[in-house]
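This is entry_27.txt. It holds compact mmCIF, C-alpha atoms.
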```txt
# COMPACT_ATOMS: atom_id res chain seq x y z
CA MET A 28 11.49 -4.03 -5.88
CA GLY A 29 15.10 -4.31 -7.01
CA SER A 30 18.15 -6.37 -6.25
CA LEU A 31 19.61 -6.99 -2.82
CA PRO A 32 22.61 -8.98 -1.63
CA PRO A 33 22.02 -12.76 -1.61
CA VAL A 34 21.94 -12.74 2.18
CA ALA A 35 20.52 -9.77 4.06
CA ARG A 36 20.38 -8.89 7.72
CA VAL A 37 17.51 -7.10 9.41
CA GLU A 38 18.39 -4.83 12.34
CA GLU A 39 16.17 -2.92 14.74
CA GLY A 40 16.86 -0.06 17.11
CA LEU A 41 19.80 1.51 15.25
CA GLU A 42 20.09 5.26 14.81
CA PRO A 43 19.98 6.35 11.14
CA ARG A 44 23.28 7.41 9.63
CA HIS A 45 23.74 10.52 7.51
CA ALA A 46 24.66 10.00 3.91
CA GLY A 47 28.08 11.20 2.82
CA ARG A 48 28.24 14.66 1.30
CA GLU A 49 29.22 15.16 -2.31
CA PRO A 50 32.78 16.57 -2.58
CA ARG A 51 32.91 20.31 -3.11
CA GLY A 52 33.40 21.69 -6.56
CA ARG A 53 31.65 18.87 -8.37
CA ALA A 54 28.18 18.56 -9.74
CA LEU A 55 25.70 18.22 -6.89
CA TRP A 56 23.69 15.98 -9.17
CA SER A 57 23.09 15.32 -12.81
CA VAL A 58 20.01 13.91 -14.45
CA GLY A 59 19.46 10.62 -16.20
CA ILE A 60 16.37 8.53 -16.80
CA LEU A 61 16.06 4.95 -15.62
CA ALA A 62 13.87 2.83 -17.88
CA TRP A 63 12.25 -0.43 -16.69
CA ALA A 64 14.00 -3.17 -18.61
CA GLY A 65 12.17 -6.26 -17.42
CA GLY A 66 8.93 -7.56 -16.00
CA ALA A 67 7.73 -6.95 -12.49
CA TRP A 68 9.61 -8.90 -9.86
CA CYS A 69 9.16 -9.16 -6.13
CA ALA A 70 11.67 -11.35 -4.37
CA GLY A 71 10.33 -13.66 -1.72
CA VAL A 72 12.44 -13.68 1.43
CA ALA A 73 12.59 -16.75 3.64
CA VAL A 74 13.60 -16.06 7.22
CA ALA A 75 16.34 -18.35 8.44
CA ALA A 76 15.63 -20.57 11.39
CA GLY A 77 16.49 -19.14 14.76
CA SER A 78 15.57 -16.18 16.89
CA TRP A 79 16.74 -12.59 17.06
CA THR A 80 20.30 -12.03 18.23
CA GLU A 81 20.23 -9.45 21.01
CA GLN A 82 23.00 -6.83 21.15
CA PRO A 83 23.33 -3.56 23.09
CA GLY A 84 20.82 -1.09 21.70
CA HIS A 85 19.56 -3.31 18.90
CA ARG A 86 18.91 -6.85 17.69
CA TRP A 87 19.36 -8.64 14.37
CA ARG A 88 18.76 -11.89 12.51
CA ASP A 89 19.85 -13.29 9.16
CA LEU A 90 17.48 -13.67 6.24
CA GLY A 91 17.49 -16.54 3.82
CA THR A 92 18.92 -16.39 0.32
CA MET A 93 16.67 -14.47 -2.08
CA ALA A 94 15.45 -15.84 -5.37
CA SER A 95 17.30 -14.43 -8.35
CA PRO A 96 15.42 -11.96 -10.59
CA PRO A 97 14.56 -13.09 -14.11
CA SER A 98 17.08 -10.60 -15.50
CA SER A 99 20.17 -8.98 -14.03
CA THR A 100 19.13 -5.66 -15.59
CA LEU A 101 15.88 -4.24 -14.24
CA LEU A 102 16.56 -0.58 -14.94
CA ARG A 103 18.59 0.95 -17.73
CA ARG A 104 19.97 4.50 -17.69
CA LEU A 105 19.08 6.49 -20.79
CA PRO A 106 21.65 9.10 -21.87
CA ALA A 107 20.73 12.75 -22.39
CA ALA A 108 21.35 12.32 -26.11
CA ASP A 109 18.38 9.92 -26.21
CA THR A 110 15.99 11.69 -23.81
CA GLY A 111 16.77 15.36 -24.46
CA ILE A 112 17.21 16.03 -20.74
CA ALA A 113 20.68 17.57 -20.49
CA PHE A 114 21.05 19.14 -17.05
CA THR A 115 23.69 19.26 -14.33
CA ASN A 116 23.34 21.22 -11.11
CA LEU A 117 26.72 22.87 -10.60
CA LEU A 118 28.21 24.73 -7.65
CA ALA A 119 31.67 26.34 -7.81
CA ASP A 120 34.23 25.63 -5.10
CA ALA A 121 34.45 29.30 -4.17
CA ARG A 122 30.72 29.60 -3.58
CA SER A 123 30.54 26.39 -1.57
CA LEU A 124 33.25 27.75 0.74
CA THR A 125 31.58 31.10 1.28
CA ASN A 126 28.04 29.77 1.70
CA HIS A 127 27.72 26.24 3.02
CA VAL A 128 23.92 26.41 2.82
CA LEU A 129 24.17 25.97 -0.95
CA LEU A 130 25.56 22.47 -0.44
CA ASN A 131 22.03 21.39 0.54
CA GLY A 132 21.35 21.20 -3.19
CA SER A 133 18.22 21.71 -5.27
CA GLY A 134 14.98 19.96 -6.12
CA VAL A 135 12.95 18.51 -8.96
CA ALA A 136 9.21 18.47 -9.70
CA LEU A 137 7.20 16.43 -12.20
CA GLY A 138 3.75 17.15 -13.54
CA ASP A 139 1.74 17.74 -16.73
CA VAL A 140 2.11 21.51 -17.19
CA ASP A 141 0.93 21.76 -20.81
CA GLY A 142 -2.14 19.54 -20.60
CA ASP A 143 -1.07 16.82 -23.02
CA GLY A 144 -1.37 14.03 -20.46
CA LEU A 145 2.39 13.48 -20.13
CA PRO A 146 4.48 14.37 -17.05
CA ASP A 147 6.95 17.19 -17.64
CA VAL A 148 10.09 17.83 -15.57
CA PHE A 149 11.28 21.00 -13.81
CA LEU A 150 14.84 21.01 -12.42
CA ALA A 151 16.17 23.71 -10.09
CA GLY A 152 19.72 25.03 -10.38
CA LEU A 153 22.34 26.95 -8.41
CA ASP A 154 25.22 28.18 -10.59
CA GLY A 155 23.23 27.37 -13.70
CA PRO A 156 19.64 28.12 -14.75
CA ASN A 157 16.54 26.19 -13.80
CA ARG A 158 15.21 24.13 -16.69
CA LEU A 159 11.73 22.99 -17.70
CA PHE A 160 11.63 19.96 -20.01
CA LEU A 161 8.37 19.19 -21.81
CA ASN A 162 7.52 15.55 -22.38
CA ARG A 163 6.97 14.73 -26.05
CA GLY A 164 6.30 11.03 -25.51
CA SER A 165 8.38 7.89 -25.92
CA LEU A 166 10.79 9.14 -23.23
CA ARG A 167 11.75 12.19 -25.31
CA PHE A 168 11.83 15.66 -23.78
CA GLU A 169 12.37 19.14 -25.12
CA PRO A 170 13.54 22.23 -23.15
CA SER A 171 11.06 25.06 -22.79
CA GLU A 172 12.87 28.39 -23.21
CA GLN A 173 11.52 30.75 -20.55
CA PRO A 174 14.33 33.08 -19.34
CA ALA A 175 12.44 34.53 -16.38
CA LEU A 176 11.54 31.07 -15.11
CA GLU A 177 15.13 29.90 -15.55
CA ALA A 178 16.21 32.56 -13.04
CA ALA A 179 13.43 31.87 -10.54
CA GLY A 180 14.58 31.59 -6.95
CA GLY A 181 18.14 32.75 -7.66
CA ASP A 182 19.97 29.95 -5.87
CA ALA A 183 16.97 27.67 -6.26
CA THR A 184 16.34 24.90 -3.73
CA GLY A 185 12.96 23.20 -3.32
CA VAL A 186 10.32 23.13 -6.07
CA ALA A 187 6.70 22.04 -6.23
CA MET A 188 3.89 21.85 -8.78
CA ALA A 189 0.29 22.40 -7.70
CA ASP A 190 -2.92 23.96 -9.03
CA VAL A 191 -2.69 26.96 -6.70
CA ASP A 192 -5.32 29.10 -8.42
CA GLY A 193 -7.79 26.26 -9.05
CA ASP A 194 -8.01 26.74 -12.82
CA GLY A 195 -7.20 23.13 -13.67
CA ASP A 196 -3.51 23.38 -14.55
CA LEU A 197 -0.34 23.04 -12.51
CA ASP A 198 1.39 26.17 -11.27
CA LEU A 199 4.98 26.20 -10.08
CA LEU A 200 6.57 27.23 -6.78
CA VAL A 201 10.33 27.71 -6.49
CA ALA A 202 12.19 28.23 -3.21
CA GLY A 203 15.55 29.96 -3.05
CA VAL A 204 18.28 30.90 -0.59
CA GLY A 205 17.54 34.52 0.35
CA ARG A 206 14.56 34.62 -2.02
CA GLY A 207 11.84 32.84 -0.06
CA VAL A 208 9.26 31.16 -2.34
CA SER A 209 8.22 32.53 -5.73
CA LEU A 210 4.92 31.57 -7.36
CA TRP A 211 4.63 31.11 -11.12
CA ARG A 212 1.15 30.92 -12.65
CA ASN A 213 0.60 28.56 -15.57
CA ASP A 214 -1.33 29.85 -18.57
CA GLY A 215 -2.54 26.30 -19.26
CA LYS A 216 -0.04 25.74 -22.05
CA GLY A 217 3.10 25.42 -19.95
CA ARG A 218 4.08 29.11 -20.02
CA PHE A 219 4.61 30.70 -16.62
CA GLY A 220 4.32 34.23 -15.22
CA ASP A 221 5.64 35.49 -11.89
CA VAL A 222 2.81 36.37 -9.47
CA THR A 223 4.87 36.23 -6.26
CA ALA A 224 4.11 39.78 -5.14
CA ASP A 225 0.38 39.48 -5.87
CA ALA A 226 0.29 36.25 -3.85
CA GLY A 227 1.91 37.91 -0.84
CA LEU A 228 4.89 35.57 -0.88
CA ALA A 229 7.74 38.09 -1.34
CA SER A 230 10.43 37.18 1.18
CA ALA A 231 14.19 37.14 1.80
CA ALA A 232 14.08 33.89 3.77
CA GLY A 233 16.36 30.92 3.23
CA SER A 234 13.54 28.67 2.04
CA MET A 235 14.40 25.01 1.44
CA SER A 236 11.23 23.02 0.79
CA MET A 237 7.46 23.29 0.92
CA ALA A 238 4.20 21.37 1.07
CA LEU A 239 0.69 22.29 -0.06
CA ALA A 240 -2.68 21.10 1.26
CA ASP A 241 -6.10 22.47 2.10
CA ALA A 242 -5.26 22.89 5.79
CA ASP A 243 -8.35 24.87 6.80
CA GLY A 244 -10.94 23.08 4.64
CA ASP A 245 -11.99 26.10 2.58
CA GLY A 246 -11.26 24.48 -0.77
CA ASP A 247 -8.03 26.38 -1.42
CA LEU A 248 -4.48 25.08 -1.22
CA ASP A 249 -2.47 26.43 1.70
CA LEU A 250 1.31 26.58 1.70
CA TYR A 251 3.77 25.43 4.36
CA VAL A 252 7.39 26.51 3.85
CA ALA A 253 10.43 25.08 5.63
CA ASN A 254 12.99 27.86 6.06
CA TYR A 255 16.64 27.52 6.95
CA ARG A 256 19.37 30.14 7.16
CA THR A 257 20.77 32.17 4.26
CA SER A 258 24.33 31.65 5.56
CA THR A 259 26.05 29.88 8.44
CA VAL A 260 28.61 30.79 11.07
CA ARG A 261 31.14 28.70 9.14
CA ASP A 262 30.89 31.12 6.22
CA GLY A 263 32.43 34.04 8.11
CA PHE A 264 36.22 34.14 7.90
CA SER A 265 36.53 37.24 10.12
CA LEU A 266 33.87 36.64 12.73
CA LYS A 267 33.91 38.76 15.85
CA LEU A 268 32.63 36.81 18.83
CA ARG A 269 31.81 38.16 22.26
CA THR A 270 31.48 35.86 25.21
CA GLY A 271 29.93 36.19 28.62
CA ARG A 272 28.74 34.12 31.52
CA VAL A 273 25.16 32.94 31.71
CA ASP A 274 24.16 30.97 34.79
CA GLY A 275 27.84 30.51 35.55
CA ARG A 276 28.68 29.12 32.10
CA LEU A 277 30.86 30.81 29.48
CA VAL A 278 28.81 31.21 26.28
CA VAL A 279 28.94 33.19 23.04
CA THR A 280 26.63 36.19 23.49
CA HIS A 281 27.25 38.15 20.27
CA VAL A 282 28.32 37.32 16.70
CA ASP A 283 29.54 40.30 14.66
CA GLY A 284 27.77 42.58 17.12
CA ARG A 285 24.43 40.76 16.94
CA PRO A 286 23.08 39.11 20.10
CA THR A 287 22.83 35.33 19.71
CA THR A 288 19.30 35.61 21.12
CA GLU A 289 18.20 37.75 18.16
CA ALA A 290 16.06 36.02 15.56
CA ASP A 291 17.53 35.46 12.08
```
As structure tokens, what does this structure read like?
Amino acid sequence: MGSLPPVARVEEGLEPRHAGREPRGRALWSVGILAWAGGAWCAGVAVAAGSWTEQPGHRWRDLGTMASPPSSTLLRRLPAADTGIAFTNLLADARSLTNHVLLNGSGVALGDVDGDGLPDVFLAGLDGPNRLFLNRGSLRFEPSEQPALEAAGGDATGVAMADVDGDGDLDLLVAGVGRGVSLWRNDGKGRFGDVTADAGLASAAGSMSMALADADGDGDLDLYVANYRTSTVRDGFSLKLRTGRVDGRLVVTHVDGRPTTEAD
């Protein structure tokens, strides 16, 4: 779905490239809604005559010209003034310089938290609060004021919605740098209470993202958390390094007095 250049080229065997990083001191991302502005369209692609062109490490071939879509505008961005979703995830220059982990950004989760059949939106924040927007229909949303939830995770990263307690409504999990994962139980009406300690999830890990599934087949959702660091070597402006020889090679053996073999 969507528009592509009139002539495309298919390549195989290339290593993926990393996307460019957002410049420091700007919004990591802001939120808008894209509304479908036309009918469904799938472009048929005719492969040009000829075989693959072989090159070192990969091969490619040209594709034929694609049919034009019925309209040049398939999606239209709706401003916050129309949708009610006004949110920007900000990170100050000073904080990005002293903790590069924060540049990994934050997440978003969608789900019907208040049981009205419409998907609601939870957005995680760093320098600003998390925000829950309740869907009121017709692409209109309204913020749900819940101060404790807005502070969940501290520097919040990954988020997920799932019915953790099996009562039929979606609960919320929020990961944070140095906060691990916090669990917020839904009362069925879109109001959330912190049950992290009761769930045994209290942690100071640098949690980034998570996945839930019934891994052991007992009917309950299990949680897998991907943890990173809470800071990086680049964040220390007065690091004290000690070196030594291991198997004849000069290596760093200690950082600020801690052995490099010690677990984070």
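The smallest atom-to-atom distance between Ala151 of chain A and any of A:Leu137, A:Leu200, A:Ala253, A:Val186, using all atoms listed in the file, is found for A:Val186.
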Emit as lines of an AutoDock Vina configuration file the padded axis-aligned box for all listed atoms of segment 167-184 of chain A, 4 Å per side, with centre and edge lengths in Å to one decimal.
```
center_x = 15.5
center_y = 23.4
center_z = -14.5
size_x = 16.9
size_y = 30.3
size_z = 29.6
```
Here is a test: counting all atoms listed in the file, which residue of A:Thr223, A:Asn213, A:Thr280, A:Ser165 is nearest to Ala179 of chain A?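 Of the candidates, the smallest distance to Ala179 of chain A is held by A:Thr223.
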Rounded to one decimal in Å, what is the spacing between atom CA of Gly164 of chain A and atom CA of Ala189 of chain A?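 About the pair atom CA of Gly164 of chain A and atom CA of Ala189 of chain A: they are 22.0 Å apart.
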For atom CA of Pro170 of chain A and atom CA of Ser236 of chain A, quote the distance in Å rounded to one decimal. 24.1 Å
Atom CA of Val148 of chain A to atom CA of Ala136 of chain A: how many Å, to one decimal?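 According to the coordinates, atom CA of Val148 of chain A and atom CA of Ala136 of chain A are separated by 6.0 Å.
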Closest to Met235 of chain A among A:Thr259, A:Asn131, A:Ser209, A:Thr115, using all atoms listed in the file?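 Once distances to Met235 of chain A are computed over all atoms listed in the file, the minimum belongs to A:Asn131.
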Quick one: residues within 12 Å of (-1.7, 17.3, -21.4) (file frame), counting all atoms listed in the file, please, as a JSON list (two decimals) with C-alpha atoms, in the coordinates of the input.
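New file part.json:
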```json
[["chain", "number", "residue", "atom", "x", "y", "z"],
["A", 138, "GLY", "CA", 3.75, 17.15, -13.54],
["A", 139, "ASP", "CA", 1.74, 17.74, -16.73],
["A", 140, "VAL", "CA", 2.11, 21.51, -17.19],
["A", 141, "ASP", "CA", 0.93, 21.76, -20.81],
["A", 142, "GLY", "CA", -2.14, 19.54, -20.60],
["A", 143, "ASP", "CA", -1.07, 16.82, -23.02],
["A", 144, "GLY", "CA", -1.37, 14.03, -20.46],
["A", 145, "LEU", "CA", 2.39, 13.48, -20.13],
["A", 146, "PRO", "CA", 4.48, 14.37, -17.05],
["A", 147, "ASP", "CA", 6.95, 17.19, -17.64],
["A", 161, "LEU", "CA", 8.37, 19.19, -21.81],
["A", 162, "ASN", "CA", 7.52, 15.55, -22.38],
["A", 163, "ARG", "CA", 6.97, 14.73, -26.05],
["A", 164, "GLY", "CA", 6.30, 11.03, -25.51],
["A", 195, "GLY", "CA", -7.20, 23.13, -13.67],
["A", 196, "ASP", "CA", -3.51, 23.38, -14.55],
["A", 197, "LEU", "CA", -0.34, 23.04, -12.51],
["A", 215, "GLY", "CA", -2.54, 26.30, -19.26],
["A", 216, "LYS", "CA", -0.04, 25.74, -22.05],
["A", 217, "GLY", "CA", 3.10, 25.42, -19.95]]
```
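With distances restricted to all atoms listed in the file, A:Leu153 is the closest residue to Ser123 of chain A from A:Leu153, A:Leu176, A:Ala107, A:Leu268.
Using only C-alpha atoms, the shortest contact distance between Ala178 of chain A and any of A:Asp194, A:Asp274, A:Asp283, A:Asp154 is found at A:Asp154.
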Can you put N, CA and C atoms back into segment 138-150 of chain A and show it as a compact mmCIF listing (two decimals), keeping the file's coordinate frame?
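Produced file rebuild-v4.txt, reproduced below:
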```txt
# COMPACT_ATOMS: atom_id res chain seq x y z
N GLY A 138 5.18 16.97 -13.39
CA GLY A 138 3.75 17.15 -13.54
C GLY A 138 3.42 17.56 -14.97
N ASP A 139 2.18 17.40 -15.38
CA ASP A 139 1.74 17.74 -16.73
C ASP A 139 1.40 19.23 -16.77
N VAL A 140 2.34 20.06 -17.22
CA VAL A 140 2.11 21.51 -17.19
C VAL A 140 1.45 22.02 -18.46
N ASP A 141 1.51 21.27 -19.56
CA ASP A 141 0.93 21.76 -20.81
C ASP A 141 -0.33 21.03 -21.24
N GLY A 142 -0.84 20.15 -20.37
CA GLY A 142 -2.14 19.54 -20.60
C GLY A 142 -2.20 18.48 -21.66
N ASP A 143 -1.05 17.86 -21.99
CA ASP A 143 -1.07 16.82 -23.02
C ASP A 143 -1.12 15.41 -22.43
N GLY A 144 -1.26 15.32 -21.11
CA GLY A 144 -1.37 14.03 -20.46
C GLY A 144 -0.06 13.37 -20.12
N LEU A 145 1.07 14.04 -20.40
CA LEU A 145 2.39 13.48 -20.13
C LEU A 145 3.10 14.30 -19.06
N PRO A 146 3.79 13.64 -18.12
CA PRO A 146 4.48 14.37 -17.05
C PRO A 146 5.72 15.09 -17.58
N ASP A 147 5.80 16.38 -17.29
CA ASP A 147 6.95 17.19 -17.64
C ASP A 147 7.87 17.31 -16.43
N VAL A 148 9.09 17.82 -16.62
CA VAL A 148 10.09 17.83 -15.57
C VAL A 148 10.66 19.24 -15.39
N PHE A 149 10.64 19.72 -14.14
CA PHE A 149 11.28 21.00 -13.81
C PHE A 149 12.45 20.72 -12.86
N LEU A 150 13.63 21.23 -13.20
CA LEU A 150 14.84 21.01 -12.42
C LEU A 150 15.39 22.36 -11.96
```
